[in-house]
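Q: CSV, C-alpha atoms, saved as target_6.csv, coming up:
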```
chain,number,residue,atom,x,y,z
A,1056,MET,CA,110.6,114.0,82.6
A,1057,THR,CA,109.7,110.3,82.6
A,1058,ALA,CA,111.2,108.4,85.4
A,1059,PRO,CA,113.4,105.4,84.5
A,1060,ALA,CA,111.7,102.0,84.6
A,1061,PRO,CA,112.4,100.1,87.8
A,1062,ALA,CA,114.9,97.2,87.7
A,1063,THR,CA,113.5,93.7,87.6
A,1064,ALA,CA,112.7,92.6,91.1
A,1065,PRO,CA,115.0,89.8,92.3
A,1066,PRO,CA,113.3,86.4,92.7
A,1067,HIS,CA,112.7,85.1,96.3
A,1068,VAL,CA,115.4,82.4,95.8
A,1069,LEU,CA,118.1,85.1,95.7
A,1070,VAL,CA,116.9,86.5,99.0
A,1071,ARG,CA,116.5,83.1,100.6
A,1072,SER,CA,119.9,81.9,99.6
A,1073,ARG,CA,121.6,85.2,100.7
A,1074,GLU,CA,120.1,84.9,104.1
A,1075,LEU,CA,121.2,81.2,104.4
A,1076,VAL,CA,124.7,81.8,103.1
A,1077,ARG,CA,125.7,85.2,104.5
A,1078,PRO,CA,126.6,84.0,108.0
A,1079,ALA,CA,129.0,81.4,106.7
A,1080,LEU,CA,130.4,83.7,104.1
A,1081,ALA,CA,131.0,86.4,106.7
A,1082,ALA,CA,132.6,83.8,109.0
A,1083,ALA,CA,135.0,82.8,106.2
A,1084,VAL,CA,136.0,86.4,105.5
A,1085,ALA,CA,136.6,87.0,109.2
A,1086,ARG,CA,139.4,84.5,109.1
A,1087,LEU,CA,141.4,86.8,106.8
A,1088,HIS,CA,143.9,89.4,107.9
A,1089,PRO,CA,141.8,92.4,109.1
A,1090,TRP,CA,143.0,94.7,106.3
A,1091,VAL,CA,142.5,92.1,103.6
A,1092,GLY,CA,139.1,91.2,105.2
A,1093,GLU,CA,138.1,94.9,105.0
A,1094,MET,CA,138.9,94.9,101.3
A,1095,ALA,CA,136.9,91.7,100.9
A,1096,GLY,CA,134.0,93.2,102.7
A,1097,TYR,CA,134.2,96.3,100.4
A,1098,ALA,CA,134.2,94.0,97.4
A,1099,PHE,CA,131.1,92.3,98.6
A,1100,GLY,CA,129.4,95.6,99.3
A,1101,TRP,CA,129.3,95.1,103.1
A,1102,CYS,CA,131.4,98.1,104.1
A,1103,GLU,CA,133.0,101.3,102.9
A,1104,VAL,CA,136.8,102.1,102.9
A,1105,GLY,CA,137.7,102.2,106.6
A,1106,GLY,CA,135.2,99.5,107.5
A,1107,SER,CA,132.1,101.5,108.2
A,1108,PRO,CA,128.9,99.6,107.2
A,1109,ALA,CA,127.8,100.2,103.6
A,1110,ALA,CA,124.3,101.3,102.6
A,1111,GLY,CA,124.3,99.6,99.2
A,1112,PRO,CA,122.8,96.1,98.5
A,1113,GLY,CA,126.0,94.5,97.1
A,1114,GLY,CA,125.8,91.8,94.4
A,1115,LYS,CA,122.8,89.7,93.4
A,1116,GLY,CA,124.2,86.4,94.8
A,1117,VAL,CA,123.4,84.4,91.7
A,1118,ARG,CA,126.1,81.8,92.1
A,1119,GLN,CA,125.3,81.1,95.7
A,1120,ALA,CA,121.6,80.6,94.8
A,1121,LEU,CA,122.6,78.1,92.1
A,1122,ALA,CA,124.7,76.2,94.7
A,1123,VAL,CA,121.8,76.1,97.1
A,1124,LEU,CA,119.4,74.9,94.4
A,1125,GLY,CA,121.9,72.3,93.3
A,1126,ALA,CA,121.8,70.8,96.8
A,1127,GLU,CA,118.0,70.8,96.7
A,1128,THR,CA,118.0,69.2,93.3
A,1129,ALA,CA,119.9,66.3,94.9
A,1130,GLY,CA,117.1,66.0,97.5
A,1131,ALA,CA,119.4,67.3,100.3
A,1132,PRO,CA,118.6,70.2,102.6
A,1133,ALA,CA,119.6,73.6,101.3
A,1134,GLY,CA,122.3,73.8,104.0
A,1135,HIS,CA,124.3,71.1,102.3
A,1136,GLY,CA,125.0,73.6,99.5
A,1137,VAL,CA,126.3,76.3,101.8
A,1138,PRO,CA,130.1,75.4,101.5
A,1139,ALA,CA,129.7,75.3,97.7
A,1140,ALA,CA,127.9,78.7,97.8
A,1141,VAL,CA,130.6,80.3,100.0
A,1142,ALA,CA,133.3,79.0,97.7
A,1143,VAL,CA,131.8,80.2,94.5
A,1144,GLU,CA,130.9,83.6,95.9
A,1145,LEU,CA,134.5,84.0,97.1
A,1146,VAL,CA,135.8,82.9,93.6
A,1147,HIS,CA,133.4,85.3,91.9
A,1148,ALA,CA,134.5,88.2,94.1
A,1149,PHE,CA,138.2,87.3,93.4
A,1150,SER,CA,137.5,87.3,89.6
A,1151,LEU,CA,135.8,90.7,89.7
A,1152,VAL,CA,138.5,92.3,91.7
A,1153,HIS,CA,141.1,91.1,89.3
A,1154,ASP,CA,139.0,91.7,86.2
A,1155,ASP,CA,138.6,95.4,87.1
A,1156,ILE,CA,142.4,95.7,87.3
A,1157,MET,CA,142.9,94.0,84.0
A,1158,ASP,CA,140.2,95.9,82.2
A,1159,GLY,CA,141.0,99.3,83.8
A,1160,ASP,CA,137.4,99.6,85.1
A,1161,THR,CA,137.4,102.3,87.8
A,1162,THR,CA,133.9,101.6,89.1
A,1163,ARG,CA,132.0,98.6,90.2
A,1164,ARG,CA,128.3,98.7,91.4
A,1165,ARG,CA,128.3,102.5,91.3
A,1166,ARG,CA,131.3,103.1,93.5
A,1167,PRO,CA,135.1,102.9,93.1
A,1168,ALA,CA,136.5,99.5,92.2
A,1169,VAL,CA,138.6,97.9,94.9
A,1170,TRP,CA,141.9,98.8,93.1
A,1171,GLN,CA,140.7,102.4,92.9
A,1172,ALA,CA,139.7,102.5,96.6
A,1173,TYR,CA,142.8,100.7,98.0
A,1174,GLY,CA,145.4,100.6,95.3
A,1175,THR,CA,146.4,98.1,92.7
A,1176,GLY,CA,148.8,96.0,94.9
A,1177,PRO,CA,146.4,95.7,97.8
A,1178,ALA,CA,143.6,94.7,95.4
A,1179,VAL,CA,145.7,92.0,93.9
A,1180,LEU,CA,146.4,90.7,97.4
A,1181,ALA,CA,142.7,90.8,98.3
A,1182,GLY,CA,141.8,88.8,95.2
A,1183,ASP,CA,144.5,86.2,95.9
A,1184,ALA,CA,143.2,85.9,99.5
A,1185,LEU,CA,139.6,85.4,98.3
A,1186,PHE,CA,140.8,82.6,95.9
A,1187,ALA,CA,142.8,80.8,98.6
A,1188,LEU,CA,139.9,81.1,101.1
A,1189,ALA,CA,137.5,79.5,98.5
A,1190,VAL,CA,139.7,76.5,98.2
A,1191,GLU,CA,140.2,76.2,101.9
A,1192,THR,CA,136.4,76.5,102.6
A,1193,LEU,CA,135.5,73.8,100.0
A,1194,ALA,CA,138.3,71.4,101.1
A,1195,ALA,CA,137.0,71.4,104.6
A,1196,ALA,CA,133.5,70.4,103.6
A,1197,PRO,CA,132.2,66.8,103.5
A,1198,GLY,CA,133.2,65.4,100.1
A,1199,GLY,CA,135.7,68.2,99.9
A,1200,PRO,CA,138.4,66.6,97.7
A,1201,GLY,CA,136.0,65.8,94.9
A,1202,ALA,CA,134.4,69.2,95.2
A,1203,VAL,CA,137.8,70.9,95.0
A,1204,ARG,CA,138.5,69.0,91.7
A,1205,LEU,CA,135.3,70.4,90.3
A,1206,LEU,CA,136.2,73.9,91.3
A,1207,SER,CA,139.7,73.5,90.0
A,1208,ALA,CA,138.4,72.5,86.5
A,1209,ALA,CA,136.1,75.5,86.5
A,1210,LEU,CA,138.9,77.8,87.5
A,1211,ALA,CA,141.1,76.5,84.7
A,1212,ASP,CA,138.3,77.3,82.2
A,1213,LEU,CA,137.7,80.7,83.8
A,1214,VAL,CA,141.3,81.7,83.4
A,1215,HIS,CA,141.3,80.4,79.8
A,1216,GLY,CA,138.2,82.4,79.0
A,1217,GLN,CA,139.6,85.6,80.6
A,1218,ALA,CA,142.8,85.2,78.7
A,1219,ASP,CA,140.9,84.9,75.4
A,1220,ASP,CA,138.8,87.9,76.3
A,1221,LEU,CA,141.9,90.0,76.9
A,1222,LEU,CA,143.6,88.8,73.7
A,1223,PHE,CA,140.5,89.5,71.6
A,1224,ALA,CA,140.9,93.2,72.5
A,1225,ALA,CA,144.2,93.3,70.7
A,1226,ARG,CA,142.8,91.8,67.5
A,1227,SER,CA,141.2,93.6,64.6
A,1228,TRP,CA,137.4,94.1,64.8
A,1229,THR,CA,136.9,91.4,62.2
A,1230,GLY,CA,139.5,89.1,63.8
A,1231,VAL,CA,137.2,87.2,66.2
A,1232,SER,CA,134.6,84.7,65.1
A,1233,ALA,CA,131.2,84.1,66.7
A,1234,ARG,CA,132.4,80.5,67.5
A,1235,GLU,CA,135.5,81.8,69.3
A,1236,TYR,CA,133.2,84.2,71.2
A,1237,ARG,CA,130.9,81.5,72.4
A,1238,THR,CA,133.8,79.4,73.6
A,1239,MET,CA,135.2,82.3,75.5
A,1240,ALA,CA,131.9,83.1,77.1
A,1241,GLU,CA,131.3,79.5,78.2
A,1242,ARG,CA,134.7,79.5,79.9
A,1243,LYS,CA,134.8,83.0,81.3
A,1244,THR,CA,131.2,83.1,82.6
A,1245,GLY,CA,129.6,79.7,82.1
A,1246,ALA,CA,132.2,77.7,83.9
A,1247,LEU,CA,131.6,79.2,87.3
A,1248,LEU,CA,127.8,79.2,86.9
A,1249,GLY,CA,127.9,75.5,85.9
A,1250,CYS,CA,130.3,74.8,88.7
A,1251,ALA,CA,128.1,76.5,91.3
A,1252,ILE,CA,125.0,74.3,90.7
A,1253,ALA,CA,127.1,71.2,90.1
A,1254,LEU,CA,129.0,71.7,93.4
A,1255,GLY,CA,125.8,72.1,95.3
A,1256,ALA,CA,124.4,68.9,93.8
A,1257,ALA,CA,127.7,67.0,94.4
A,1258,LEU,CA,127.7,68.0,98.1
A,1259,GLY,CA,124.1,67.1,98.3
A,1260,GLY,CA,124.9,63.5,97.1
A,1261,ALA,CA,123.6,63.7,93.5
A,1262,PRO,CA,124.8,61.0,91.0
A,1263,GLU,CA,127.6,62.0,88.6
A,1264,THR,CA,125.1,62.0,85.7
A,1265,THR,CA,123.0,64.7,87.4
A,1266,VAL,CA,126.0,66.7,88.4
A,1267,GLY,CA,127.3,66.7,84.8
A,1268,ALA,CA,123.9,67.6,83.4
A,1269,LEU,CA,123.6,70.5,85.8
A,1270,ASP,CA,127.1,71.7,85.0
A,1271,GLN,CA,126.3,71.8,81.3
A,1272,ALA,CA,123.0,73.6,81.9
A,1273,GLY,CA,124.8,76.2,84.0
A,1274,ARG,CA,127.3,76.7,81.2
A,1275,HIS,CA,124.6,77.4,78.7
A,1276,LEU,CA,123.0,79.7,81.2
A,1277,GLY,CA,126.4,81.5,81.6
A,1278,VAL,CA,126.6,82.1,77.8
A,1279,ALA,CA,123.1,83.6,77.9
A,1280,PHE,CA,124.1,85.7,80.9
A,1281,GLN,CA,127.2,87.0,79.2
A,1282,LEU,CA,125.2,87.8,76.1
A,1283,VAL,CA,122.8,89.9,78.1
A,1284,ASP,CA,125.8,91.5,79.8
A,1285,ASP,CA,127.1,92.4,76.4
A,1286,VAL,CA,123.9,94.2,75.6
A,1287,LEU,CA,123.9,96.0,78.9
A,1288,GLY,CA,127.6,96.9,78.4
A,1289,ILE,CA,126.6,99.0,75.4
A,1290,TRP,CA,123.1,100.1,76.0
A,1291,GLY,CA,122.5,99.6,79.7
A,1292,ASP,CA,121.8,102.5,82.1
A,1293,PRO,CA,124.9,103.2,84.2
A,1294,ALA,CA,122.6,104.1,87.1
A,1295,VAL,CA,121.3,100.5,87.0
A,1296,THR,CA,124.3,98.5,85.8
A,1297,GLY,CA,127.0,100.4,87.8
A,1298,LYS,CA,129.2,100.4,84.6
A,1299,PRO,CA,130.2,103.4,82.4
A,1300,VAL,CA,128.1,103.9,79.3
A,1301,HIS,CA,129.7,102.4,76.2
A,1302,GLY,CA,132.6,101.1,78.3
A,1303,ASP,CA,132.9,97.8,76.3
A,1304,LEU,CA,133.3,99.7,73.0
A,1305,ARG,CA,136.0,102.0,74.4
A,1306,GLN,CA,137.9,99.0,75.6
A,1307,ARG,CA,137.6,97.4,72.2
A,1308,LYS,CA,135.8,94.3,73.6
A,1309,LYS,CA,134.7,91.9,70.9
A,1310,THR,CA,131.2,91.4,72.3
A,1311,TYR,CA,128.5,89.5,70.5
A,1312,PRO,CA,126.4,92.6,69.3
A,1313,VAL,CA,129.6,94.0,67.7
A,1314,LEU,CA,130.5,90.8,66.0
A,1315,ALA,CA,127.0,90.3,64.7
A,1316,ALA,CA,126.8,93.8,63.3
A,1317,LEU,CA,130.2,93.4,61.7
A,1318,GLY,CA,128.7,90.6,59.7
A,1319,SER,CA,126.2,93.0,58.1
A,1320,PRO,CA,126.6,95.4,55.2
A,1321,ALA,CA,127.2,98.1,57.8
A,1322,ALA,CA,130.6,96.5,58.6
A,1323,PRO,CA,133.0,99.0,56.8
A,1324,ARG,CA,131.3,102.1,58.3
A,1325,LEU,CA,131.1,100.5,61.8
A,1326,ALA,CA,134.8,99.4,61.8
A,1327,ARG,CA,135.7,103.0,61.0
A,1328,LEU,CA,133.5,104.4,63.9
A,1329,LEU,CA,134.9,101.8,66.3
A,1330,ASP,CA,138.5,102.9,65.5
A,1331,GLU,CA,137.7,106.6,66.1
A,1332,PRO,CA,137.9,107.9,69.6
A,1333,GLY,CA,134.9,109.8,70.9
A,1334,ARG,CA,132.4,108.1,68.5
A,1335,ALA,CA,131.2,105.3,70.7
A,1336,ALA,CA,127.6,106.6,70.8
A,1337,GLU,CA,127.4,106.7,67.0
A,1338,ALA,CA,128.9,103.2,66.9
A,1339,ALA,CA,126.3,101.9,69.4
A,1340,ALA,CA,123.5,103.3,67.4
A,1341,LEU,CA,124.8,101.7,64.2
A,1342,ILE,CA,125.3,98.3,65.9
A,1343,GLU,CA,121.7,98.4,66.9
A,1344,GLU,CA,120.6,99.5,63.5
A,1345,ALA,CA,122.6,96.7,61.9
A,1346,GLY,CA,120.9,94.1,64.1
A,1347,GLY,CA,123.6,93.5,66.6
A,1348,ARG,CA,121.5,93.9,69.7
A,1349,ALA,CA,118.7,91.7,68.3
A,1350,ALA,CA,121.1,89.0,67.3
A,1351,ALA,CA,122.7,88.9,70.8
A,1352,LEU,CA,119.3,88.6,72.5
A,1353,ALA,CA,118.3,85.9,70.0
A,1354,GLU,CA,121.5,83.9,70.8
A,1355,ALA,CA,120.8,84.4,74.5
A,1356,ARG,CA,117.3,82.8,74.0
A,1357,ARG,CA,118.9,79.8,72.2
A,1358,HIS,CA,121.3,79.1,75.1
A,1359,THR,CA,118.5,79.7,77.6
A,1360,ALA,CA,116.4,77.1,75.8
A,1361,ARG,CA,119.3,74.6,75.9
A,1362,ALA,CA,119.7,75.2,79.6
A,1363,GLU,CA,115.9,74.7,80.1
A,1364,ARG,CA,116.0,71.3,78.2
A,1365,LEU,CA,118.9,70.1,80.4
A,1366,PHE,CA,117.1,71.2,83.6
A,1367,ALA,CA,113.9,69.5,82.4
A,1368,GLY,CA,115.9,66.3,82.1
A,1369,VAL,CA,116.5,66.3,85.8
A,1370,PRO,CA,113.1,65.5,87.4
A,1371,THR,CA,114.2,66.6,90.9
A,1372,ALA,CA,115.2,70.2,89.7
A,1373,PRO,CA,113.2,72.7,91.8
A,1374,ALA,CA,110.8,75.1,90.0
A,1375,GLU,CA,112.9,78.0,91.4
A,1376,LEU,CA,115.6,77.1,88.9
A,1377,ARG,CA,113.3,78.2,86.0
A,1378,VAL,CA,112.4,81.4,87.9
A,1379,LEU,CA,116.1,82.3,88.4
A,1380,LEU,CA,116.9,81.5,84.8
A,1381,ASP,CA,114.2,83.8,83.6
A,1382,PHE,CA,115.4,86.6,85.8
A,1383,LEU,CA,119.0,86.3,84.7
A,1384,VAL,CA,118.3,86.6,81.0
A,1385,ARG,CA,115.7,89.3,81.2
A,1386,ARG,CA,117.3,91.6,83.8
A,1387,ASP,CA,117.1,95.4,83.2
A,1388,LEU,CA,116.6,95.1,79.4
```
Using the file provided, produce a representation of the structure as C-alpha cells.

A:
Amino acid sequence: MTAPAPATAPPHVLVRSRELVRPALAAAVARLHPWVGEMAGYAFGWCEVGGSPAAGPGGKGVRQALAVLGAETAGAPAGHGVPAAVAVELVHAFSLVHDDIMDGDTTRRRRPAVWQAYGTGPAVLAGDALFALAVETLAAAPGGPGAVRLLSAALADLVHGQADDLLFAARSWTGVSAREYRTMAERKTGALLGCAIALGAALGGAPETTVGALDQAGRHLGVAFQLVDDVLGIWGDPAVTGKPVHGDLRQRKKTYPVLAALGSPAAPRLARLLDEPGRAAEAAALIEEAGGRAAALAEARRHTARAERLFAGVPTAPAELRVLLDFLVRRDL
C-alpha cells in the first residue's frame, strides 16, 4: 500500500511567531476561571479533558503570525504585534468553538470538539470567555482603543459572514450565487485574517494607508484560504484535515466547488445526488468531473494574486509574508 503524502511543512514564521506569542497567550488564558481555562486550553490543543497535557500540535497559528508580520511591516519589533496576535488567536478559537456547535461538527483536529467533550452549554461559555478575553487583552495594549475599533469592525463582518453561511444551507442548491459566496467568504474568513495583519501594523505604528492596504490584502487571502478549505472539505484526507470526509456536502454547505459545478451541464444530475442521503461520494466525484474543484482552485489563485499585488505595494512588507501566503493556499492539496 502506498503511504499518504506528507502534509506541507509549515514555514518558519509559524514556528517563530508561536514561540513568541505562546507565553502571552497562556498568561491570558490563565486569567480565566480554572474550568473555563481548561476548556480554552483544550480548544487550543494544549490539554486533554481533565487538564493533562495534550500530545497533539494544536492549530497552525496563522493569524498570530500575520499579526507579528504586520508589526514588522511597520518597522517595529515583532513583540509589538504580540497583543494583536493574542487577541486574534482568542477570537479565532472562540469562533471555532461556536462554529462547531452551529454546524453540528463533532470533531476538530482529529478529536472531539469542545462541545462534544464538555457539553454544549459549557462550550458556549468557553467561547464567550475567549471573546471577552480578546477584547480585554487588546484594550490594555498601547494604542488599544483604536485597535479595539479595528477588531470590532472585523467581528461584525465575521458574524455577518457566519450568518450568511448558515442561511445559505437552507436555500436550494441553485439559490446562492458566486458573488454572494465571495462576500460571505470575505466576511467569515477574510475579515479576521485582514484584521490580524492590520492590527499588528497599527500597534507597530504604521500609517493608516498601510494598515488599510494590509487589511484588504488579508481579506483577499482569506477568500483564497476559504476556497482551499472548500476543496479540502470535500476531497481532503480526514487524517490530515481532522474533518469528516464529505462533511460539507452532508451539511448542504454552498461551497464554491458545488456552486461552480451547478453552473455546468451536470447541474440537474448533481442537484438530485446532493438531495439524496448517502450519495455524497458520488456527488463529490461529479463535482470534480464537472470542473468544480478546478474552478475553486483557479478562483483561489486569483485572490492570491490580488493579495500579492497589495503586499507588493507596501515596500516594507517582509519576505515571510509571501512564504506564508504560498503555504496557506497550497496546503495539503

Q: Between A:Ala1148, A:Ala1345, A:Val1300, A:Val1190, single out the one closest to Pro1320 in chain A, counting all atoms listed in the file.

A: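 Of the candidates, the smallest distance to Pro1320 in chain A is held by A:Ala1345.
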
Q: Determine, counting all atoms listed in the file, which protein, DNA and RNA residues have an atom within 10 Å of an atom of Glu1144 in chain A; residues of the same chain fewer than 3 positions away are not included. Present the result as a list in words.

A: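 In the requested form, the answer reads Val1076, Leu1080, Phe1099, Gly1114, Gly1116, Val1117, Arg1118, Gln1119, Ala1120, Ala1122, Pro1138, Ala1139, Ala1140, Val1141, His1147, Ala1148, Phe1149, Ser1150, Leu1185, Phe1186, Ala1189, Leu1247 and Ala1251 of chain A.
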
Q: Can you work out the spacing between CA of Arg1348 in chain A and CA of Val1286 in chain A in Å, to one decimal?

A: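 Spanning CA of Arg1348 in chain A to CA of Val1286 in chain A is a straight-line distance of 6.4 Å.
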
Q: Report as AutoDock Vina command-line options the centre and the edge lengths, in Å to one decimal, of the axis-aligned box holding every listed atom of range 1141-1150 of chain A, padded by 3 Å on each side.

A:
```
--center_x 134.4 --center_y 83.6 --center_z 94.8 --size_x 13.6 --size_y 15.2 --size_z 16.4
```

Q: CA of Gly1130 in chain A to CA of Thr1371 in chain A: how many Å, to one decimal?

A: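 CA of Gly1130 in chain A sits 7.2 Å away from CA of Thr1371 in chain A.
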
Q: When you count all atoms listed in the file, which of these residues is closest to His1088 in chain A: A:Ala1184, A:Gly1267, A:Gly1100, A:Glu1074?

A: A:Ala1184

Q: Can you list every residue of range 1222-1327 of chain A that has an atom at most 10 Å from range 1375-1387 of chain A, with its nearest atom pair and the distance in Å to one decimal, using all atoms listed in the file, ordered by chain then number, as CSV?

A:
```
residue,atom,partner,partner_atom,distance
A:Ile1252,CA,A:Leu1376,CA,10.0
A:Gly1273,CA,A:Leu1380,CA,9.5
A:Leu1276,CA,A:Leu1380,CA,7.3
A:Gly1277,CA,A:Leu1383,CA,9.3
A:Val1278,CA,A:Val1384,CA,10.0
A:Ala1279,CA,A:Val1384,CA,6.5
A:Phe1280,CA,A:Val1384,CA,5.9
A:Gln1281,CA,A:Val1384,CA,9.1
A:Leu1282,CA,A:Val1384,CA,8.5
A:Val1283,CA,A:Val1384,CA,6.3
A:Asp1284,CA,A:Val1384,CA,9.0
A:Leu1287,CA,A:Asp1387,CA,8.1
A:Gly1291,CA,A:Asp1387,CA,7.7
A:Asp1292,CA,A:Asp1387,CA,8.6
A:Val1295,CA,A:Asp1387,CA,7.6
A:Thr1296,CA,A:Asp1387,CA,8.3
```

Q: Between CA of Ala1224 in chain A and CA of Ala1294 in chain A, what distance in Å does the model show, to one decimal?

A: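 We find that CA of Ala1224 in chain A and CA of Ala1294 in chain A lie 25.8 Å from each other.
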
Q: Residues proximal to (134.1, 89.1, 77.4) were defined as those with any atom within 7 Å of that point in the file's coordinates, counting only C-alpha atoms. Which are they, as an MDAnalysis selection string?

A: chainID A and resid 1220 1240 1308 1310

Q: Mind listing whatever residues come within 12 Å of the point (133.2, 100.5, 108.0)? Use all atoms listed in the file, file coordinates, and give them as JSON, numbers by chain.

A: {"A": [1089, 1090, 1092, 1093, 1094, 1095, 1096, 1097, 1100, 1101, 1102, 1103, 1104, 1105, 1106, 1107, 1108, 1109, 1110]}

Q: Please determine, counting only C-alpha atoms, which residue among A:Val1084, A:Ala1316, A:Ala1353, A:Ala1335 has the shortest atom-to-atom distance to Pro1299 in chain A.

A: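 Closest residue, counting only C-alpha atoms: A:Ala1335.
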
Q: When distances are computed from only C-alpha atoms, which of A:Gly1113, A:Arg1071, A:Leu1258, A:Leu1314 shows the smallest separation from Gly1201 in chain A?

A: A:Leu1258

Q: Using all atoms listed in the file, can you tell me which of A:Leu1254, A:Leu1269, A:Ala1168, A:Met1157 comes closest to Val1203 in chain A?

A: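 Smallest separation from Val1203 in chain A among the options: A:Leu1254.
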
Q: Which residues, written as number ranges by chain, have at least one atom at most 12 Å from Pro1167 in chain A, with only C-alpha atoms counted and residues fewer than 4 positions away on the same chain left out?

A: A: 1097-1098, 1100, 1103-1104, 1152, 1155-1156, 1159-1163, 1171-1174, 1297-1299

Q: Which one is closest to Arg1334 in chain A: A:Leu1317, A:Leu1365, A:His1301, A:Thr1128? Count all atoms listed in the file.

A: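 Distance minimum relative to Arg1334 in chain A lands on A:His1301.
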
Q: Quick one: residues within 12 Å of Ala1253 in chain A, all atoms listed in the file counted, chain neighbours fewer than 4 positions away excluded, as a PyMOL selection string?

A: chain A and resi 1118-1129+1136+1139-1140+1143+1201-1206+1208-1209+1245-1249+1257-1274+1366+1372

Q: Mind completing range 1140-1146 of chain A with all heavy atoms? Output as a PDB file, in the coordinates of the input, please?

A:
```
ATOM      1  N   ALA A1140     128.290  77.281  98.048  1.00  0.00           N
ATOM      2  CA  ALA A1140     127.900  78.700  97.800  1.00  0.00           C
ATOM      3  C   ALA A1140     128.927  79.650  98.289  1.00  0.00           C
ATOM      4  O   ALA A1140     129.221  80.641  97.602  1.00  0.00           O
ATOM      5  CB  ALA A1140     126.538  78.919  98.561  1.00  0.00           C
ATOM      6  N   VAL A1141     129.509  79.400  99.459  1.00  0.00           N
ATOM      7  CA  VAL A1141     130.600  80.300 100.000  1.00  0.00           C
ATOM      8  C   VAL A1141     131.766  80.262  99.028  1.00  0.00           C
ATOM      9  O   VAL A1141     132.316  81.316  98.674  1.00  0.00           O
ATOM     10  CB  VAL A1141     130.983  79.847 101.396  1.00  0.00           C
ATOM     11  CG1 VAL A1141     132.234  80.604 101.847  1.00  0.00           C
ATOM     12  CG2 VAL A1141     129.840  80.089 102.378  1.00  0.00           C
ATOM     13  N   ALA A1142     132.150  79.071  98.587  1.00  0.00           N
ATOM     14  CA  ALA A1142     133.300  79.000  97.700  1.00  0.00           C
ATOM     15  C   ALA A1142     133.119  79.698  96.405  1.00  0.00           C
ATOM     16  O   ALA A1142     134.001  80.443  95.953  1.00  0.00           O
ATOM     17  CB  ALA A1142     133.636  77.481  97.454  1.00  0.00           C
ATOM     18  N   VAL A1143     131.956  79.527  95.769  1.00  0.00           N
ATOM     19  CA  VAL A1143     131.800  80.200  94.500  1.00  0.00           C
ATOM     20  C   VAL A1143     131.596  81.686  94.612  1.00  0.00           C
ATOM     21  O   VAL A1143     132.014  82.453  93.732  1.00  0.00           O
ATOM     22  CB  VAL A1143     130.579  79.566  93.679  1.00  0.00           C
ATOM     23  CG1 VAL A1143     130.881  78.121  93.312  1.00  0.00           C
ATOM     24  CG2 VAL A1143     129.268  79.672  94.422  1.00  0.00           C
ATOM     25  N   GLU A1144     131.023  82.138  95.713  1.00  0.00           N
ATOM     26  CA  GLU A1144     130.900  83.600  95.900  1.00  0.00           C
ATOM     27  C   GLU A1144     132.325  84.189  96.138  1.00  0.00           C
ATOM     28  O   GLU A1144     132.621  85.279  95.643  1.00  0.00           O
ATOM     29  CB  GLU A1144     130.053  83.885  97.148  1.00  0.00           C
ATOM     30  CG  GLU A1144     128.567  83.866  96.857  1.00  0.00           C
ATOM     31  CD  GLU A1144     128.159  84.939  95.860  1.00  0.00           C
ATOM     32  OE1 GLU A1144     128.182  86.130  96.211  1.00  0.00           O
ATOM     33  OE2 GLU A1144     127.832  84.576  94.720  1.00  0.00           O
ATOM     34  N   LEU A1145     133.179  83.482  96.861  1.00  0.00           N
ATOM     35  CA  LEU A1145     134.500  84.000  97.100  1.00  0.00           C
ATOM     36  C   LEU A1145     135.311  83.996  95.730  1.00  0.00           C
ATOM     37  O   LEU A1145     136.025  84.965  95.435  1.00  0.00           O
ATOM     38  CB  LEU A1145     135.275  83.054  98.052  1.00  0.00           C
ATOM     39  CG  LEU A1145     134.803  83.144  99.512  1.00  0.00           C
ATOM     40  CD1 LEU A1145     135.373  81.996 100.332  1.00  0.00           C
ATOM     41  CD2 LEU A1145     135.193  84.483 100.139  1.00  0.00           C
ATOM     42  N   VAL A1146     135.148  82.949  94.906  1.00  0.00           N
ATOM     43  CA  VAL A1146     135.800  82.900  93.600  1.00  0.00           C
ATOM     44  C   VAL A1146     135.284  84.023  92.701  1.00  0.00           C
ATOM     45  O   VAL A1146     136.045  84.690  91.990  1.00  0.00           O
ATOM     46  CB  VAL A1146     135.657  81.538  92.947  1.00  0.00           C
ATOM     47  CG1 VAL A1146     136.071  81.584  91.478  1.00  0.00           C
ATOM     48  CG2 VAL A1146     136.488  80.501  93.680  1.00  0.00           C
TER      49      VAL A1146
END
```
